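See below for final16.pdb, which holds PDB, C-alpha atoms and all ligand atoms.
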```pdb
ATOM      1  CA  MET A   1       0.491   9.152   6.934  1.00  0.00           C
ATOM      2  CA  ASN A   2       0.422   5.652   8.349  1.00  0.00           C
ATOM      3  CA  LYS A   3      -2.788   3.709   7.819  1.00  0.00           C
ATOM      4  CA  ILE A   4      -5.037   3.675  10.818  1.00  0.00           C
ATOM      5  CA  GLU A   5      -7.666   1.148  11.806  1.00  0.00           C
ATOM      6  CA  ILE A   6     -11.195   2.050  10.690  1.00  0.00           C
ATOM      7  CA  ILE A   7     -13.318   0.440  13.383  1.00  0.00           C
ATOM      8  CA  ALA A   8     -17.046   0.281  12.721  1.00  0.00           C
ATOM      9  CA  HIS A   9     -18.865   1.066  15.982  1.00  0.00           C
ATOM     10  CA  ARG A  10     -21.583  -1.574  16.515  1.00  0.00           C
ATOM     11  CA  GLY A  11     -21.070  -2.356  12.812  1.00  0.00           C
ATOM     12  CA  ALA A  12     -22.139   0.196  10.195  1.00  0.00           C
ATOM     13  CA  SER A  13     -24.567   1.587  12.747  1.00  0.00           C
ATOM     14  CA  ALA A  14     -25.349   4.817  10.880  1.00  0.00           C
ATOM     15  CA  VAL A  15     -27.028   2.900   8.065  1.00  0.00           C
ATOM     16  CA  CYS A  16     -28.047  -0.405   9.672  1.00  0.00           C
ATOM     17  CA  PRO A  17     -29.439  -1.463  13.046  1.00  0.00           C
ATOM     18  CA  GLU A  18     -26.510  -1.601  15.469  1.00  0.00           C
ATOM     19  CA  ASN A  19     -24.955  -4.933  16.469  1.00  0.00           C
ATOM     20  CA  THR A  20     -26.737  -7.018  13.825  1.00  0.00           C
ATOM     21  CA  MET A  21     -25.138  -9.264  11.228  1.00  0.00           C
ATOM     22  CA  ILE A  22     -26.291  -6.953   8.452  1.00  0.00           C
ATOM     23  CA  ALA A  23     -24.546  -4.033  10.185  1.00  0.00           C
ATOM     24  CA  PHE A  24     -21.322  -6.045  10.478  1.00  0.00           C
ATOM     25  CA  GLU A  25     -21.461  -7.208   6.855  1.00  0.00           C
ATOM     26  CA  ARG A  26     -22.180  -3.681   5.649  1.00  0.00           C
ATOM     27  CA  ALA A  27     -19.209  -2.355   7.666  1.00  0.00           C
ATOM     28  CA  LEU A  28     -16.876  -4.644   5.743  1.00  0.00           C
ATOM     29  CA  GLU A  29     -18.396  -3.494   2.441  1.00  0.00           C
ATOM     30  CA  LEU A  30     -17.880   0.140   3.448  1.00  0.00           C
ATOM     31  CA  GLY A  31     -14.159  -0.292   4.035  1.00  0.00           C
ATOM     32  CA  ALA A  32     -13.929  -0.939   7.760  1.00  0.00           C
ATOM     33  CA  THR A  33     -10.729  -2.675   8.846  1.00  0.00           C
ATOM     34  CA  GLY A  34     -12.216  -3.465  12.226  1.00  0.00           C
ATOM     35  CA  ILE A  35     -15.539  -3.972  13.983  1.00  0.00           C
ATOM     36  CA  GLU A  36     -16.536  -2.976  17.496  1.00  0.00           C
ATOM     37  CA  THR A  37     -19.374  -4.816  19.218  1.00  0.00           C
ATOM     38  CA  ASP A  38     -20.964  -5.002  22.654  1.00  0.00           C
ATOM     39  CA  VAL A  39     -21.433  -8.285  24.472  1.00  0.00           C
ATOM     40  CA  GLN A  40     -23.961  -9.193  27.152  1.00  0.00           C
ATOM     41  CA  MET A  41     -24.771 -12.647  28.554  1.00  0.00           C
ATOM     42  CA  SER A  42     -28.006 -14.631  28.369  1.00  0.00           C
ATOM     43  CA  ALA A  43     -29.596 -16.539  31.267  1.00  0.00           C
ATOM     44  CA  ASP A  44     -28.023 -19.736  29.946  1.00  0.00           C
ATOM     45  CA  GLY A  45     -24.546 -18.223  29.619  1.00  0.00           C
ATOM     46  CA  ARG A  46     -24.437 -17.470  25.884  1.00  0.00           C
ATOM     47  CA  LEU A  47     -22.650 -14.330  24.680  1.00  0.00           C
ATOM     48  CA  VAL A  48     -25.002 -12.085  22.717  1.00  0.00           C
ATOM     49  CA  LEU A  49     -24.299  -8.889  20.817  1.00  0.00           C
ATOM     50  CA  ILE A  50     -26.480  -6.081  22.100  1.00  0.00           C
ATOM     51  CA  HIS A  51     -25.498  -2.734  23.559  1.00  0.00           C
ATOM     52  CA  ASP A  52     -28.059  -2.254  26.320  1.00  0.00           C
ATOM     53  CA  GLU A  53     -28.593  -4.470  29.340  1.00  0.00           C
ATOM     54  CA  THR A  54     -32.308  -4.276  28.584  1.00  0.00           C
ATOM     55  CA  LEU A  55     -34.227  -5.229  25.452  1.00  0.00           C
ATOM     56  CA  GLN A  56     -36.563  -2.296  25.083  1.00  0.00           C
ATOM     57  CA  ARG A  57     -34.597   0.114  22.880  1.00  0.00           C
ATOM     58  CA  THR A  58     -33.302  -2.201  20.155  1.00  0.00           C
ATOM     59  CA  ALA A  59     -35.226  -5.471  20.547  1.00  0.00           C
ATOM     60  CA  GLY A  60     -38.745  -4.172  21.142  1.00  0.00           C
ATOM     61  CA  SER A  61     -39.315  -6.271  24.224  1.00  0.00           C
ATOM     62  CA  GLU A  62     -39.526  -5.770  27.968  1.00  0.00           C
ATOM     63  CA  GLY A  63     -36.953  -7.047  30.402  1.00  0.00           C
ATOM     64  CA  TRP A  64     -33.263  -7.696  30.807  1.00  0.00           C
ATOM     65  CA  VAL A  65     -30.969  -9.711  28.543  1.00  0.00           C
ATOM     66  CA  LYS A  66     -29.709 -11.655  31.580  1.00  0.00           C
ATOM     67  CA  ASP A  67     -33.177 -13.055  32.274  1.00  0.00           C
ATOM     68  CA  PHE A  68     -33.750 -14.761  28.907  1.00  0.00           C
ATOM     69  CA  THR A  69     -32.202 -17.832  27.329  1.00  0.00           C
ATOM     70  CA  TYR A  70     -30.414 -17.544  24.016  1.00  0.00           C
ATOM     71  CA  ASP A  71     -33.205 -19.493  22.311  1.00  0.00           C
ATOM     72  CA  THR A  72     -35.649 -16.783  23.340  1.00  0.00           C
ATOM     73  CA  LEU A  73     -33.328 -13.852  22.599  1.00  0.00           C
ATOM     74  CA  ARG A  74     -32.618 -15.118  19.080  1.00  0.00           C
ATOM     75  CA  THR A  75     -36.317 -14.907  18.193  1.00  0.00           C
ATOM     76  CA  LEU A  76     -36.527 -11.179  18.964  1.00  0.00           C
ATOM     77  CA  ASP A  77     -36.513  -8.489  16.282  1.00  0.00           C
ATOM     78  CA  ALA A  78     -33.435  -6.252  16.593  1.00  0.00           C
ATOM     79  CA  GLY A  79     -34.017  -4.500  13.272  1.00  0.00           C
ATOM     80  CA  SER A  80     -37.485  -2.908  13.218  1.00  0.00           C
ATOM     81  CA  TRP A  81     -36.660  -0.170  15.717  1.00  0.00           C
ATOM     82  CA  PHE A  82     -34.190   1.187  13.151  1.00  0.00           C
ATOM     83  CA  HIS A  83     -36.287   0.769   9.987  1.00  0.00           C
ATOM     84  CA  ALA A  84     -38.998  -1.563   8.730  1.00  0.00           C
ATOM     85  CA  ASP A  85     -36.593  -2.760   6.009  1.00  0.00           C
ATOM     86  CA  PHE A  86     -34.611  -4.551   8.721  1.00  0.00           C
ATOM     87  CA  ALA A  87     -37.549  -6.308  10.399  1.00  0.00           C
ATOM     88  CA  GLY A  88     -36.597  -9.696  11.800  1.00  0.00           C
ATOM     89  CA  GLU A  89     -32.854  -9.107  12.087  1.00  0.00           C
ATOM     90  CA  PRO A  90     -31.900 -11.243  15.078  1.00  0.00           C
ATOM     91  CA  ILE A  91     -29.675 -10.483  18.036  1.00  0.00           C
ATOM     92  CA  PRO A  92     -26.463 -12.295  16.996  1.00  0.00           C
ATOM     93  CA  SER A  93     -24.304 -14.530  19.127  1.00  0.00           C
ATOM     94  CA  LEU A  94     -20.581 -13.810  19.398  1.00  0.00           C
ATOM     95  CA  GLU A  95     -19.956 -17.000  17.421  1.00  0.00           C
ATOM     96  CA  MET A  96     -21.961 -15.638  14.474  1.00  0.00           C
ATOM     97  CA  LEU A  97     -19.664 -12.627  14.282  1.00  0.00           C
ATOM     98  CA  PHE A  98     -16.567 -14.819  14.643  1.00  0.00           C
ATOM     99  CA  ASN A  99     -17.868 -16.852  11.724  1.00  0.00           C
ATOM    100  CA  LEU A 100     -18.087 -13.685   9.596  1.00  0.00           C
ATOM    101  CA  VAL A 101     -14.633 -12.278  10.313  1.00  0.00           C
ATOM    102  CA  GLN A 102     -12.508 -15.353  11.051  1.00  0.00           C
ATOM    103  CA  GLY A 103      -9.563 -15.553   8.676  1.00  0.00           C
ATOM    104  CA  LYS A 104     -10.161 -12.044   7.296  1.00  0.00           C
ATOM    105  CA  ARG A 105      -7.779  -9.185   8.036  1.00  0.00           C
ATOM    106  CA  ILE A 106     -10.350  -7.606  10.315  1.00  0.00           C
ATOM    107  CA  LEU A 107      -9.734  -6.490  13.873  1.00  0.00           C
ATOM    108  CA  LEU A 108     -12.531  -7.469  16.217  1.00  0.00           C
ATOM    109  CA  ASN A 109     -13.044  -5.251  19.255  1.00  0.00           C
ATOM    110  CA  VAL A 110     -15.325  -7.028  21.713  1.00  0.00           C
ATOM    111  CA  GLU A 111     -16.562  -4.729  24.458  1.00  0.00           C
ATOM    112  CA  LEU A 112     -17.572  -6.460  27.685  1.00  0.00           C
ATOM    113  CA  LYS A 113     -20.742  -4.766  28.942  1.00  0.00           C
ATOM    114  CA  ASN A 114     -20.404  -5.919  32.507  1.00  0.00           C
ATOM    115  CA  GLY A 115     -20.424  -2.572  34.296  1.00  0.00           C
ATOM    116  CA  ILE A 116     -24.097  -2.602  35.262  1.00  0.00           C
ATOM    117  CA  VAL A 117     -24.880  -6.325  35.329  1.00  0.00           C
ATOM    118  CA  PRO A 118     -21.933  -8.200  36.885  1.00  0.00           C
ATOM    119  CA  TYR A 119     -22.247 -11.230  34.600  1.00  0.00           C
ATOM    120  CA  LYS A 120     -20.699 -14.113  36.532  1.00  0.00           C
ATOM    121  CA  GLY A 121     -18.196 -16.048  34.459  1.00  0.00           C
ATOM    122  CA  MET A 122     -18.338 -13.699  31.478  1.00  0.00           C
ATOM    123  CA  GLU A 123     -14.561 -13.370  31.199  1.00  0.00           C
ATOM    124  CA  GLU A 124     -13.998 -17.141  31.268  1.00  0.00           C
ATOM    125  CA  LYS A 125     -16.758 -17.681  28.722  1.00  0.00           C
ATOM    126  CA  ILE A 126     -15.440 -15.084  26.257  1.00  0.00           C
ATOM    127  CA  ILE A 127     -11.956 -16.526  26.426  1.00  0.00           C
ATOM    128  CA  GLN A 128     -13.294 -20.045  25.982  1.00  0.00           C
ATOM    129  CA  VAL A 129     -15.143 -19.028  22.796  1.00  0.00           C
ATOM    130  CA  ILE A 130     -12.126 -17.071  21.490  1.00  0.00           C
ATOM    131  CA  ARG A 131      -9.971 -20.173  21.956  1.00  0.00           C
ATOM    132  CA  GLU A 132     -12.542 -22.478  20.330  1.00  0.00           C
ATOM    133  CA  TRP A 133     -12.527 -20.245  17.256  1.00  0.00           C
ATOM    134  CA  ASN A 134      -8.753 -19.538  17.292  1.00  0.00           C
ATOM    135  CA  MET A 135      -9.464 -15.825  17.375  1.00  0.00           C
ATOM    136  CA  GLU A 136      -6.706 -14.906  19.840  1.00  0.00           C
ATOM    137  CA  GLN A 137      -4.806 -12.701  17.368  1.00  0.00           C
ATOM    138  CA  GLN A 138      -7.860 -11.018  15.874  1.00  0.00           C
ATOM    139  CA  VAL A 139      -9.686  -9.970  19.042  1.00  0.00           C
ATOM    140  CA  VAL A 140      -9.130  -6.996  21.342  1.00  0.00           C
ATOM    141  CA  LEU A 141     -11.222  -7.065  24.520  1.00  0.00           C
ATOM    142  CA  SER A 142     -12.289  -3.668  25.852  1.00  0.00           C
ATOM    143  CA  SER A 143     -14.437  -2.484  28.739  1.00  0.00           C
ATOM    144  CA  PHE A 144     -15.175   0.412  31.041  1.00  0.00           C
ATOM    145  CA  ASN A 145     -14.844  -2.290  33.714  1.00  0.00           C
ATOM    146  CA  HIS A 146     -11.071  -2.345  34.035  1.00  0.00           C
ATOM    147  CA  ALA A 147     -11.076  -4.941  36.817  1.00  0.00           C
ATOM    148  CA  SER A 148     -12.757  -7.299  34.364  1.00  0.00           C
ATOM    149  CA  LEU A 149     -10.020  -6.661  31.791  1.00  0.00           C
ATOM    150  CA  VAL A 150      -7.370  -7.460  34.390  1.00  0.00           C
ATOM    151  CA  LYS A 151      -9.233 -10.704  35.064  1.00  0.00           C
ATOM    152  CA  CYS A 152      -9.222 -11.493  31.324  1.00  0.00           C
ATOM    153  CA  LYS A 153      -5.494 -10.814  31.197  1.00  0.00           C
ATOM    154  CA  ARG A 154      -4.888 -13.185  34.123  1.00  0.00           C
ATOM    155  CA  ILE A 155      -6.832 -15.948  32.381  1.00  0.00           C
ATOM    156  CA  ALA A 156      -5.415 -15.245  28.922  1.00  0.00           C
ATOM    157  CA  PRO A 157      -2.184 -13.213  28.857  1.00  0.00           C
ATOM    158  CA  ASP A 158      -1.997 -13.655  25.071  1.00  0.00           C
ATOM    159  CA  ILE A 159      -5.272 -11.834  24.331  1.00  0.00           C
ATOM    160  CA  ARG A 160      -5.073  -8.054  23.969  1.00  0.00           C
ATOM    161  CA  THR A 161      -7.074  -5.711  26.186  1.00  0.00           C
ATOM    162  CA  ALA A 162      -7.897  -2.005  25.850  1.00  0.00           C
ATOM    163  CA  LEU A 163      -9.183   0.449  28.450  1.00  0.00           C
ATOM    164  CA  LEU A 164     -12.349   2.413  27.742  1.00  0.00           C
ATOM    165  CA  TYR A 165     -12.706   5.736  29.567  1.00  0.00           C
ATOM    166  CA  MET A 166     -14.647   8.984  29.336  1.00  0.00           C
ATOM    167  CA  GLU A 167     -12.576  11.589  31.190  1.00  0.00           C
ATOM    168  CA  LYS A 168      -9.027  12.799  30.798  1.00  0.00           C
ATOM    169  CA  LEU A 169      -6.646  10.614  32.801  1.00  0.00           C
ATOM    170  CA  TYR A 170      -3.177  11.476  34.070  1.00  0.00           C
ATOM    171  CA  ARG A 171      -0.570   9.480  32.110  1.00  0.00           C
ATOM    172  CA  PRO A 172      -3.139   6.927  30.913  1.00  0.00           C
ATOM    173  CA  TYR A 173      -0.374   4.905  29.245  1.00  0.00           C
ATOM    174  CA  ASP A 174       1.286   4.259  32.656  1.00  0.00           C
ATOM    175  CA  TYR A 175      -2.050   3.057  33.979  1.00  0.00           C
ATOM    176  CA  ALA A 176      -2.536   0.879  30.882  1.00  0.00           C
ATOM    177  CA  ALA A 177       0.936  -0.618  31.296  1.00  0.00           C
ATOM    178  CA  LYS A 178       0.167  -1.437  34.943  1.00  0.00           C
ATOM    179  CA  LEU A 179      -2.969  -3.281  33.821  1.00  0.00           C
ATOM    180  CA  GLU A 180      -1.044  -4.943  30.955  1.00  0.00           C
ATOM    181  CA  ALA A 181      -3.461  -3.394  28.467  1.00  0.00           C
ATOM    182  CA  SER A 182      -2.170  -2.807  24.954  1.00  0.00           C
ATOM    183  CA  GLY A 183      -4.712  -0.169  23.982  1.00  0.00           C
ATOM    184  CA  LEU A 184      -6.417   3.010  25.169  1.00  0.00           C
ATOM    185  CA  HIS A 185      -9.965   3.620  23.923  1.00  0.00           C
ATOM    186  CA  PRO A 186     -10.777   7.122  25.203  1.00  0.00           C
ATOM    187  CA  TYR A 187     -13.854   9.214  24.538  1.00  0.00           C
ATOM    188  CA  LYS A 188     -12.845  11.608  21.767  1.00  0.00           C
ATOM    189  CA  LEU A 189     -12.696  14.634  24.104  1.00  0.00           C
ATOM    190  CA  ALA A 190     -10.231  12.853  26.402  1.00  0.00           C
ATOM    191  CA  VAL A 191      -7.541  12.499  23.709  1.00  0.00           C
ATOM    192  CA  ALA A 192      -4.329  14.586  23.816  1.00  0.00           C
ATOM    193  CA  LYS A 193      -1.629  14.465  21.163  1.00  0.00           C
ATOM    194  CA  GLU A 194       1.303  14.225  23.578  1.00  0.00           C
ATOM    195  CA  GLU A 195      -0.349  11.296  25.344  1.00  0.00           C
ATOM    196  CA  VAL A 196      -0.978   9.493  22.066  1.00  0.00           C
ATOM    197  CA  THR A 197       2.730   9.857  21.307  1.00  0.00           C
ATOM    198  CA  ALA A 198       3.829   8.793  24.782  1.00  0.00           C
ATOM    199  CA  ALA A 199       1.497   5.792  24.706  1.00  0.00           C
ATOM    200  CA  LEU A 200       2.855   4.615  21.374  1.00  0.00           C
ATOM    201  CA  ALA A 201       6.409   4.895  22.698  1.00  0.00           C
ATOM    202  CA  GLN A 202       5.333   2.246  25.229  1.00  0.00           C
ATOM    203  CA  GLY A 203       3.734   0.142  22.499  1.00  0.00           C
ATOM    204  CA  ILE A 204       0.204   1.170  23.489  1.00  0.00           C
ATOM    205  CA  VAL A 205      -2.211   2.162  20.717  1.00  0.00           C
ATOM    206  CA  THR A 206      -4.954   4.796  21.009  1.00  0.00           C
ATOM    207  CA  TYR A 207      -8.367   4.296  19.365  1.00  0.00           C
ATOM    208  CA  PRO A 208     -10.816   7.067  20.342  1.00  0.00           C
ATOM    209  CA  PHE A 209     -14.623   6.673  20.206  1.00  0.00           C
ATOM    210  CA  THR A 210     -17.164   7.516  18.818  1.00  0.00           C
ATOM    211  CA  VAL A 211     -15.903   9.855  16.123  1.00  0.00           C
ATOM    212  CA  ASN A 212     -18.540  10.636  13.495  1.00  0.00           C
ATOM    213  CA  ASP A 213     -17.863  14.248  12.532  1.00  0.00           C
ATOM    214  CA  PRO A 214     -15.350  14.520   9.661  1.00  0.00           C
ATOM    215  CA  GLY A 215     -13.665  17.493  11.370  1.00  0.00           C
ATOM    216  CA  ASP A 216     -13.198  15.418  14.521  1.00  0.00           C
ATOM    217  CA  MET A 217     -11.834  12.549  12.437  1.00  0.00           C
ATOM    218  CA  GLU A 218      -9.233  14.921  10.957  1.00  0.00           C
ATOM    219  CA  LEU A 219      -8.370  16.185  14.432  1.00  0.00           C
ATOM    220  CA  MET A 220      -7.842  12.644  15.721  1.00  0.00           C
ATOM    221  CA  MET A 221      -5.645  11.799  12.743  1.00  0.00           C
ATOM    222  CA  ASP A 222      -3.644  15.001  13.351  1.00  0.00           C
ATOM    223  CA  MET A 223      -3.118  13.822  16.930  1.00  0.00           C
ATOM    224  CA  GLY A 224      -1.610  10.628  15.560  1.00  0.00           C
ATOM    225  CA  VAL A 225      -4.109   8.021  16.777  1.00  0.00           C
ATOM    226  CA  GLN A 226      -3.660   4.486  15.452  1.00  0.00           C
ATOM    227  CA  GLY A 227      -7.375   3.816  14.971  1.00  0.00           C
ATOM    228  CA  ILE A 228     -10.789   5.473  15.141  1.00  0.00           C
ATOM    229  CA  ILE A 229     -14.059   3.936  16.300  1.00  0.00           C
ATOM    230  CA  THR A 230     -16.884   5.367  14.190  1.00  0.00           C
ATOM    231  CA  ASP A 231     -20.455   4.752  13.050  1.00  0.00           C
ATOM    232  CA  LEU A 232     -19.346   5.956   9.586  1.00  0.00           C
ATOM    233  CA  PRO A 233     -16.482   3.771   8.331  1.00  0.00           C
ATOM    234  CA  ASP A 234     -16.973   4.911   4.729  1.00  0.00           C
ATOM    235  CA  VAL A 235     -16.560   8.582   5.659  1.00  0.00           C
ATOM    236  CA  LEU A 236     -13.343   7.842   7.525  1.00  0.00           C
ATOM    237  CA  ALA A 237     -12.050   5.676   4.664  1.00  0.00           C
ATOM    238  CA  SER A 238     -12.649   8.536   2.177  1.00  0.00           C
ATOM    239  CA  LEU A 239     -10.917  11.060   4.424  1.00  0.00           C
ATOM    240  CA  MET A 240      -7.919   8.777   4.760  1.00  0.00           C
ATOM    241  CA  THR A 241      -7.728   8.326   0.988  1.00  0.00           C
ATOM    242  CA  ALA A 242      -7.910  12.120   0.505  1.00  0.00           C
ATOM    243  CA  ARG A 243      -5.056  12.654   2.965  1.00  0.00           C
ATOM    244  CA  THR A 244      -2.751  10.231   1.201  1.00  0.00           C
ATOM    245  CA  ARG A 245      -3.247  11.943  -2.177  1.00  0.00           C
TER     246      ARG A 245
HETATM  247  O1  LIG B 301     -16.043   0.864  22.397  1.00  0.00           O
HETATM  248  C1  LIG B 301     -16.347   2.197  22.220  1.00  0.00           C
HETATM  249  C2  LIG B 301     -17.781   2.500  22.539  1.00  0.00           C
HETATM  250  O2  LIG B 301     -18.573   1.478  22.005  1.00  0.00           O
HETATM  251  C3  LIG B 301     -18.035   2.624  24.003  1.00  0.00           C
HETATM  252  O3  LIG B 301     -19.290   3.115  24.287  1.00  0.00           O
HETATM  253  O4  LIG B 301     -21.679   2.951  24.858  1.00  0.00           O
HETATM  254  O5  LIG B 301     -20.993   2.939  22.485  1.00  0.00           O
HETATM  255  O6  LIG B 301     -20.544   0.972  23.907  1.00  0.00           O
HETATM  256  P1  LIG B 301     -20.676   2.456  23.861  1.00  0.00           P
HETATM  257 MG    MG B 302     -19.420  -0.338  22.613  1.00  0.00          MG
END
```

Can the structure in the file be given as structure tokens, please?
Ligand code: G3P
Ligand code: MG
Amino acid sequence: MNKIEIIAHRGASAVCPENTMIAFERALELGATGIETDVQMSADGRLVLIHDETLQRTAGSEGWVKDFTYDTLRTLDAGSWFHADFAGEPIPSLEMLFNLVQGKRILLNVELKNGIVPYKGMEEKIIQVIREWNMEQQVVLSSFNHASLVKCKRIAPDIRTALLYMEKLYRPYDYAAKLEASGLHPYKLAVAKEEVTAALAQGIVTYPFTVNDPGDMELMMDMGVQGIITDLPDVLASLMTARTR
């Protein structure tokens, strides 16, 4: 079996508070070969790593990310909601994650969370930061907002994009090719073996999300996917080792 990418969803989010530096560091320790993260934009145009548009669930505060400056957001506690042991973990900036993975053989999947809040200039800003950090080869941009990915591709044809989707699509690889995307990131129930094969024949890789059940991981590997996005990178790494024995 070929090695597949083990992509830690929001970092090692089963054992650490999602989208924090400790979750990203732990993912690398647990054998992840890639990290997925969610990016929103602050009032002063900084890229911050937090899944929700609002602060309530993971940062214990009222309001929307878009309404606060980075200097305010960085003082919030993104760890306590998960466990008291993580109290004070800050909301990271994209640059902090770049600093962790730059130069390592780690794939970085940055998901643009601009489906609900239409962050003006988000695409330009992400590409600017990627270029400043020379992360062009390491980053894959994904989004449920496919128009935004097309915009990214227009600005930066050299940076890979991948389409996120929930439902089964007809010939998703043809659609991806039209949008010049190099990856499909389907919800796990939208994956079909023949489409994985057909996509790869066009040079398009398939990384389903979010696959946490070991049986589902096996199923995805049987379907020939090239990567799996999971909260449990260590479980996937062990399964892969067992299969190669
Ligand atoms: O990128 C895969 C996955 O993260 C998409 O859904 O809601 O977990 O960001 P969500
Ligand atoms: Mg995500």

Neighbour list for region 185-201 of chain A as a ChimeraX atom specification, cut-off 6 Å, all atoms listed in the file, skip fewer than 5 positions in-chain
/A:163-168,173,206-209,223

Taking the file as I've supplied it (selection: the PyMOL selection byres (((not hetatm)) within 12 of (chain B and resi 302))), which residues are included? Please answer as number ranges by chain.
A: 7-11, 13, 18-19, 35-40, 49-52, 108-115, 141-144, 163-165, 185-187, 208-210, 229-231

Which value, in Å to one decimal, gives the distance between CA of Ala242 (chain A) and CA of Gly224 (chain A)?
16.4 Å

Test item: the PyMOL selection byres (((chain A and resi 60) around 10) and not hetatm) resolved as an NGL selection string:
:A and (54-59 or 61-63 or 76-81)

Might you spell out which residues the PyMOL selection byres (((chain A and resi 91-107) around 6) and not hetatm) would select in the displayed file, as number ranges by chain?
A: 33-34, 47-49, 74, 78, 90, 108, 138

Hey, can you spit out that residue selection with C-alpha atoms as a JSON list (two decimals), in the coordinates of the input?
```
[["chain", "number", "residue", "atom", "x", "y", "z"],
["A", 33, "THR", "CA", -10.73, -2.68, 8.85],
["A", 34, "GLY", "CA", -12.22, -3.46, 12.23],
["A", 47, "LEU", "CA", -22.65, -14.33, 24.68],
["A", 48, "VAL", "CA", -25.00, -12.08, 22.72],
["A", 49, "LEU", "CA", -24.30, -8.89, 20.82],
["A", 74, "ARG", "CA", -32.62, -15.12, 19.08],
["A", 78, "ALA", "CA", -33.44, -6.25, 16.59],
["A", 90, "PRO", "CA", -31.90, -11.24, 15.08],
["A", 108, "LEU", "CA", -12.53, -7.47, 16.22],
["A", 138, "GLN", "CA", -7.86, -11.02, 15.87]]
```
